[in-house]
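Notes to accompany the following structure.
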Amino acid sequence: MNILLPVLFIIVLVAAAFRKVRVYDSFAQGAGGTLPLVKKLFPYVAAVLVLASLFEASGLSAALSKALEPALSVLGVPAPVVPLVLVKPFSGSGSLALVGQLCAQYGADSYVGRCACAVYATGETVFYLSALYFAGGGRARPVVIALLSNFAAALLACLLCRVL
Amino acid sequence: MNVLFLCVFVLSAGLVIVRDASAFLPALLEGAGGAVTLSLSLAAAYAVWLGFLQVAEDAGFLGGLSRAMLPLTRRLFSTKNEKALEQVSVNLAANLCGMGGAATGAGVAAMRLLDRERYSQEMFFVVNCAGLQLLPSTVLSLRVQAGSADPFSVLLPALLSSLASLLLGVLLVRLFCRR
């Protein structure tokens, strides 16, 4: 698996050179697009992450996950995994940290550990991606749809971990 | 988004005052610090991938990839914008292979090229949010580190549920977003 990426790079660069592409100039031109892109995205990433951090510090996210725990347990999500389902749309690094913690505490091959891993592997960090993609022109409808389908995926993942 | 931001902010800030008002500014700074480090690591990933993708584009490879996926992408995103569909197919291919850095770079480029096509943008966003991956490399390496005897045991549940999420998302966009 590790060999795939370097091989891909070699093939593309060599083949491009054969097609008379000035590889060095071309690479530099592409990389030059980096800073304008980051400059455009940063304000929204900052706003979303500041809000997420405040949300966490206020204890609101913990209270919310406590309140939703019984409902989610009925739907088949094991209680320790509930915070993960709720944090996932806001913070990729936060949910990864949670998965690591759950795997360490319950064991990677336990039901809880497998659920946590499967939930993490499905879906994206919705709010972060929306800040990145819509860069300010925020739209509610696609975000709600994405949250809904990711939530359904999390429920299904827990169910499948039990069966498979 | 503006209303959501205001509501969550005010509610959280109010609670922070009740619990421990001195935690307010550190929390904000921690979030902004996270944004700075994240942007830096994004910049690093973009520099590599945008450079690489430019070479691939100049050599005419992206056009080939895009043409191969055209029957699917043109219908799904209902746009004839070939430049954008090129970036879309790079994004989808990179996402499937678990190359996150390449995927977001191409994804942002695609969103900008689809500037005036609302429906296509929304469909693309929702498809991306399903996060379908053939090999979720982050989770697999985490499981190996945690001493799992069978790290691949989550592969099938993860794949099936992402697929379900993708289908549900596409269906909902078709139903509720105007073309």
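Residue numbering restarts at 1 for every chain of the structure tokens, chains are lettered A, B, ... in their displayed order, and ligands are numbered from 1 as they appear.
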>> Distance limit 6 Å, atoms considered: only C-alpha atoms. Which chain A residues sit that close to chain B? Return them as a ChimeraX atom specification.
In response: /A:16,26-27,30-31,34,45-46,49-50,53-55,58,108-109,118,121-124,133,138,142,146,149-150,153,156-157,160
>> Which residues are close to stretch 72-83 of chain A, i.e. within 10 Å by only C-alpha atoms, leaving aside same-chain residues fewer than 5 positions away? Reply as a PyMOL selection string.
In response: chain A and resi 61-62+64-67+88+95+98-99+102+106+111-113+115-117+119+154-159+162
> Running DSSP on the backbone, which parts of stretch 47-102 of chain B land in alpha helix (DSSP H), as an MDAnalysis selection string?
Replying inline: chainID B and resid 47:58 61:77 82:96 100:102
Just N, CA and C atoms for this one: save the residues we selected as a short mmCIF file (atom, residue, chain, number, x, y, z; two decimals), in the first residue's frame.
```cif
data_model
loop_
_atom_site.label_atom_id
_atom_site.label_comp_id
_atom_site.auth_asym_id
_atom_site.auth_seq_id
_atom_site.Cartn_x
_atom_site.Cartn_y
_atom_site.Cartn_z
N ALA B 47 -0.02 22.54 -1.12
CA ALA B 47 1.16 22.85 -1.94
C ALA B 47 1.61 21.60 -2.69
N VAL B 48 1.67 20.47 -1.97
CA VAL B 48 2.08 19.23 -2.61
C VAL B 48 1.07 18.80 -3.67
N TRP B 49 -0.21 18.77 -3.28
CA TRP B 49 -1.20 18.18 -4.17
C TRP B 49 -1.55 19.08 -5.33
N LEU B 50 -1.64 20.40 -5.09
CA LEU B 50 -1.96 21.30 -6.19
C LEU B 50 -0.83 21.30 -7.21
N GLY B 51 0.41 21.22 -6.72
CA GLY B 51 1.55 21.14 -7.63
C GLY B 51 1.48 19.89 -8.47
N PHE B 52 1.27 18.77 -7.79
CA PHE B 52 1.18 17.48 -8.49
C PHE B 52 0.04 17.47 -9.49
N LEU B 53 -1.11 17.99 -9.06
CA LEU B 53 -2.28 17.98 -9.94
C LEU B 53 -2.08 18.87 -11.16
N GLN B 54 -1.33 19.98 -10.96
CA GLN B 54 -1.07 20.86 -12.10
C GLN B 54 -0.24 20.12 -13.15
N VAL B 55 0.76 19.37 -12.69
CA VAL B 55 1.57 18.58 -13.63
C VAL B 55 0.69 17.59 -14.36
N ALA B 56 -0.17 16.89 -13.59
CA ALA B 56 -1.05 15.89 -14.21
C ALA B 56 -2.00 16.55 -15.20
N GLU B 57 -2.45 17.77 -14.87
CA GLU B 57 -3.38 18.45 -15.77
C GLU B 57 -2.68 18.90 -17.05
N ASP B 58 -1.47 19.48 -16.89
CA ASP B 58 -0.73 19.93 -18.07
C ASP B 58 -0.41 18.77 -19.00
N PHE B 61 -3.68 14.31 -18.19
CA PHE B 61 -4.20 13.10 -17.53
C PHE B 61 -5.56 13.34 -16.90
N LEU B 62 -5.73 14.55 -16.35
CA LEU B 62 -6.98 14.81 -15.64
C LEU B 62 -8.16 14.79 -16.61
N GLY B 63 -7.90 15.28 -17.83
CA GLY B 63 -8.95 15.25 -18.85
C GLY B 63 -9.39 13.82 -19.10
N GLY B 64 -8.42 12.89 -19.14
CA GLY B 64 -8.73 11.48 -19.37
C GLY B 64 -9.56 10.90 -18.24
N LEU B 65 -9.12 11.17 -17.00
CA LEU B 65 -9.85 10.68 -15.83
C LEU B 65 -11.28 11.22 -15.83
N SER B 66 -11.38 12.52 -16.13
CA SER B 66 -12.68 13.17 -16.13
C SER B 66 -13.60 12.58 -17.20
N ARG B 67 -13.03 12.33 -18.40
CA ARG B 67 -13.85 11.76 -19.47
C ARG B 67 -14.36 10.38 -19.10
N ALA B 68 -13.50 9.60 -18.41
CA ALA B 68 -13.90 8.25 -18.02
C ALA B 68 -15.09 8.28 -17.06
N MET B 69 -15.12 9.31 -16.19
CA MET B 69 -16.18 9.38 -15.18
C MET B 69 -17.36 10.23 -15.63
N LEU B 70 -17.26 10.80 -16.83
CA LEU B 70 -18.25 11.77 -17.28
C LEU B 70 -19.69 11.25 -17.28
N PRO B 71 -19.93 10.02 -17.76
CA PRO B 71 -21.33 9.56 -17.79
C PRO B 71 -21.97 9.62 -16.41
N LEU B 72 -21.18 9.28 -15.38
CA LEU B 72 -21.71 9.31 -14.01
C LEU B 72 -21.80 10.74 -13.48
N THR B 73 -20.69 11.49 -13.57
CA THR B 73 -20.66 12.81 -12.92
C THR B 73 -21.62 13.79 -13.58
N ARG B 74 -21.72 13.73 -14.93
CA ARG B 74 -22.57 14.71 -15.58
C ARG B 74 -24.02 14.56 -15.13
N ARG B 75 -24.44 13.29 -15.01
CA ARG B 75 -25.82 13.06 -14.61
C ARG B 75 -26.04 13.39 -13.14
N LEU B 76 -25.12 12.92 -12.29
CA LEU B 76 -25.28 13.10 -10.84
C LEU B 76 -25.30 14.58 -10.46
N PHE B 77 -24.38 15.36 -11.03
CA PHE B 77 -24.28 16.76 -10.62
C PHE B 77 -25.02 17.69 -11.58
N GLU B 82 -17.26 21.45 -17.92
CA GLU B 82 -16.22 20.41 -18.01
C GLU B 82 -15.03 20.68 -17.09
N LYS B 83 -14.66 21.94 -16.97
CA LYS B 83 -13.53 22.31 -16.11
C LYS B 83 -13.80 21.87 -14.67
N ALA B 84 -15.04 22.16 -14.22
CA ALA B 84 -15.41 21.80 -12.86
C ALA B 84 -15.48 20.29 -12.70
N LEU B 85 -16.04 19.62 -13.69
CA LEU B 85 -16.17 18.16 -13.59
C LEU B 85 -14.81 17.48 -13.53
N GLU B 86 -13.82 18.11 -14.14
CA GLU B 86 -12.45 17.58 -14.05
C GLU B 86 -12.01 17.55 -12.58
N GLN B 87 -12.20 18.68 -11.88
CA GLN B 87 -11.83 18.74 -10.46
C GLN B 87 -12.68 17.79 -9.63
N VAL B 88 -13.98 17.70 -10.00
CA VAL B 88 -14.88 16.81 -9.27
C VAL B 88 -14.38 15.37 -9.36
N SER B 89 -13.96 14.94 -10.56
CA SER B 89 -13.54 13.54 -10.67
C SER B 89 -12.23 13.30 -9.94
N VAL B 90 -11.33 14.30 -9.94
CA VAL B 90 -10.11 14.15 -9.14
C VAL B 90 -10.48 13.98 -7.67
N ASN B 91 -11.40 14.84 -7.20
CA ASN B 91 -11.82 14.78 -5.80
C ASN B 91 -12.41 13.42 -5.46
N LEU B 92 -13.30 12.92 -6.30
CA LEU B 92 -13.95 11.64 -6.00
C LEU B 92 -12.93 10.50 -6.00
N ALA B 93 -12.04 10.50 -6.99
CA ALA B 93 -11.03 9.44 -7.06
C ALA B 93 -10.12 9.49 -5.83
N ALA B 94 -9.68 10.71 -5.47
CA ALA B 94 -8.77 10.85 -4.32
C ALA B 94 -9.46 10.44 -3.03
N ASN B 95 -10.74 10.80 -2.90
CA ASN B 95 -11.48 10.43 -1.69
C ASN B 95 -11.59 8.92 -1.55
N LEU B 96 -11.91 8.25 -2.65
CA LEU B 96 -12.06 6.80 -2.63
C LEU B 96 -10.76 6.13 -2.19
N GLY B 100 -6.79 12.31 1.48
CA GLY B 100 -7.61 13.44 1.92
C GLY B 100 -7.11 14.77 1.41
N GLY B 101 -5.79 14.99 1.45
CA GLY B 101 -5.23 16.27 1.05
C GLY B 101 -5.55 16.62 -0.39
N ALA B 102 -5.34 15.64 -1.28
CA ALA B 102 -5.63 15.86 -2.69
C ALA B 102 -7.12 16.11 -2.87
#
```
> Pick from B:Ser141, B:Val3, B:Ala103, B:Thr37: nearest to A:Phe42, with only C-alpha atoms counted?
Replying inline: B:Thr37
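Between atom CA of A:Ala47 and atom CA of A:Ala131 the separation is 8.8 Å.
Computed from the coordinates, the atom CA of B:Leu134 to atom CA of A:Val144 distance equals 25.2 Å.
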>> I want to know what sits within 9 Å of A:Leu147, based on only C-alpha atoms, with residues of the same chain fewer than 6 positions away left out; could you give that as a count of residues only?
In response: 4
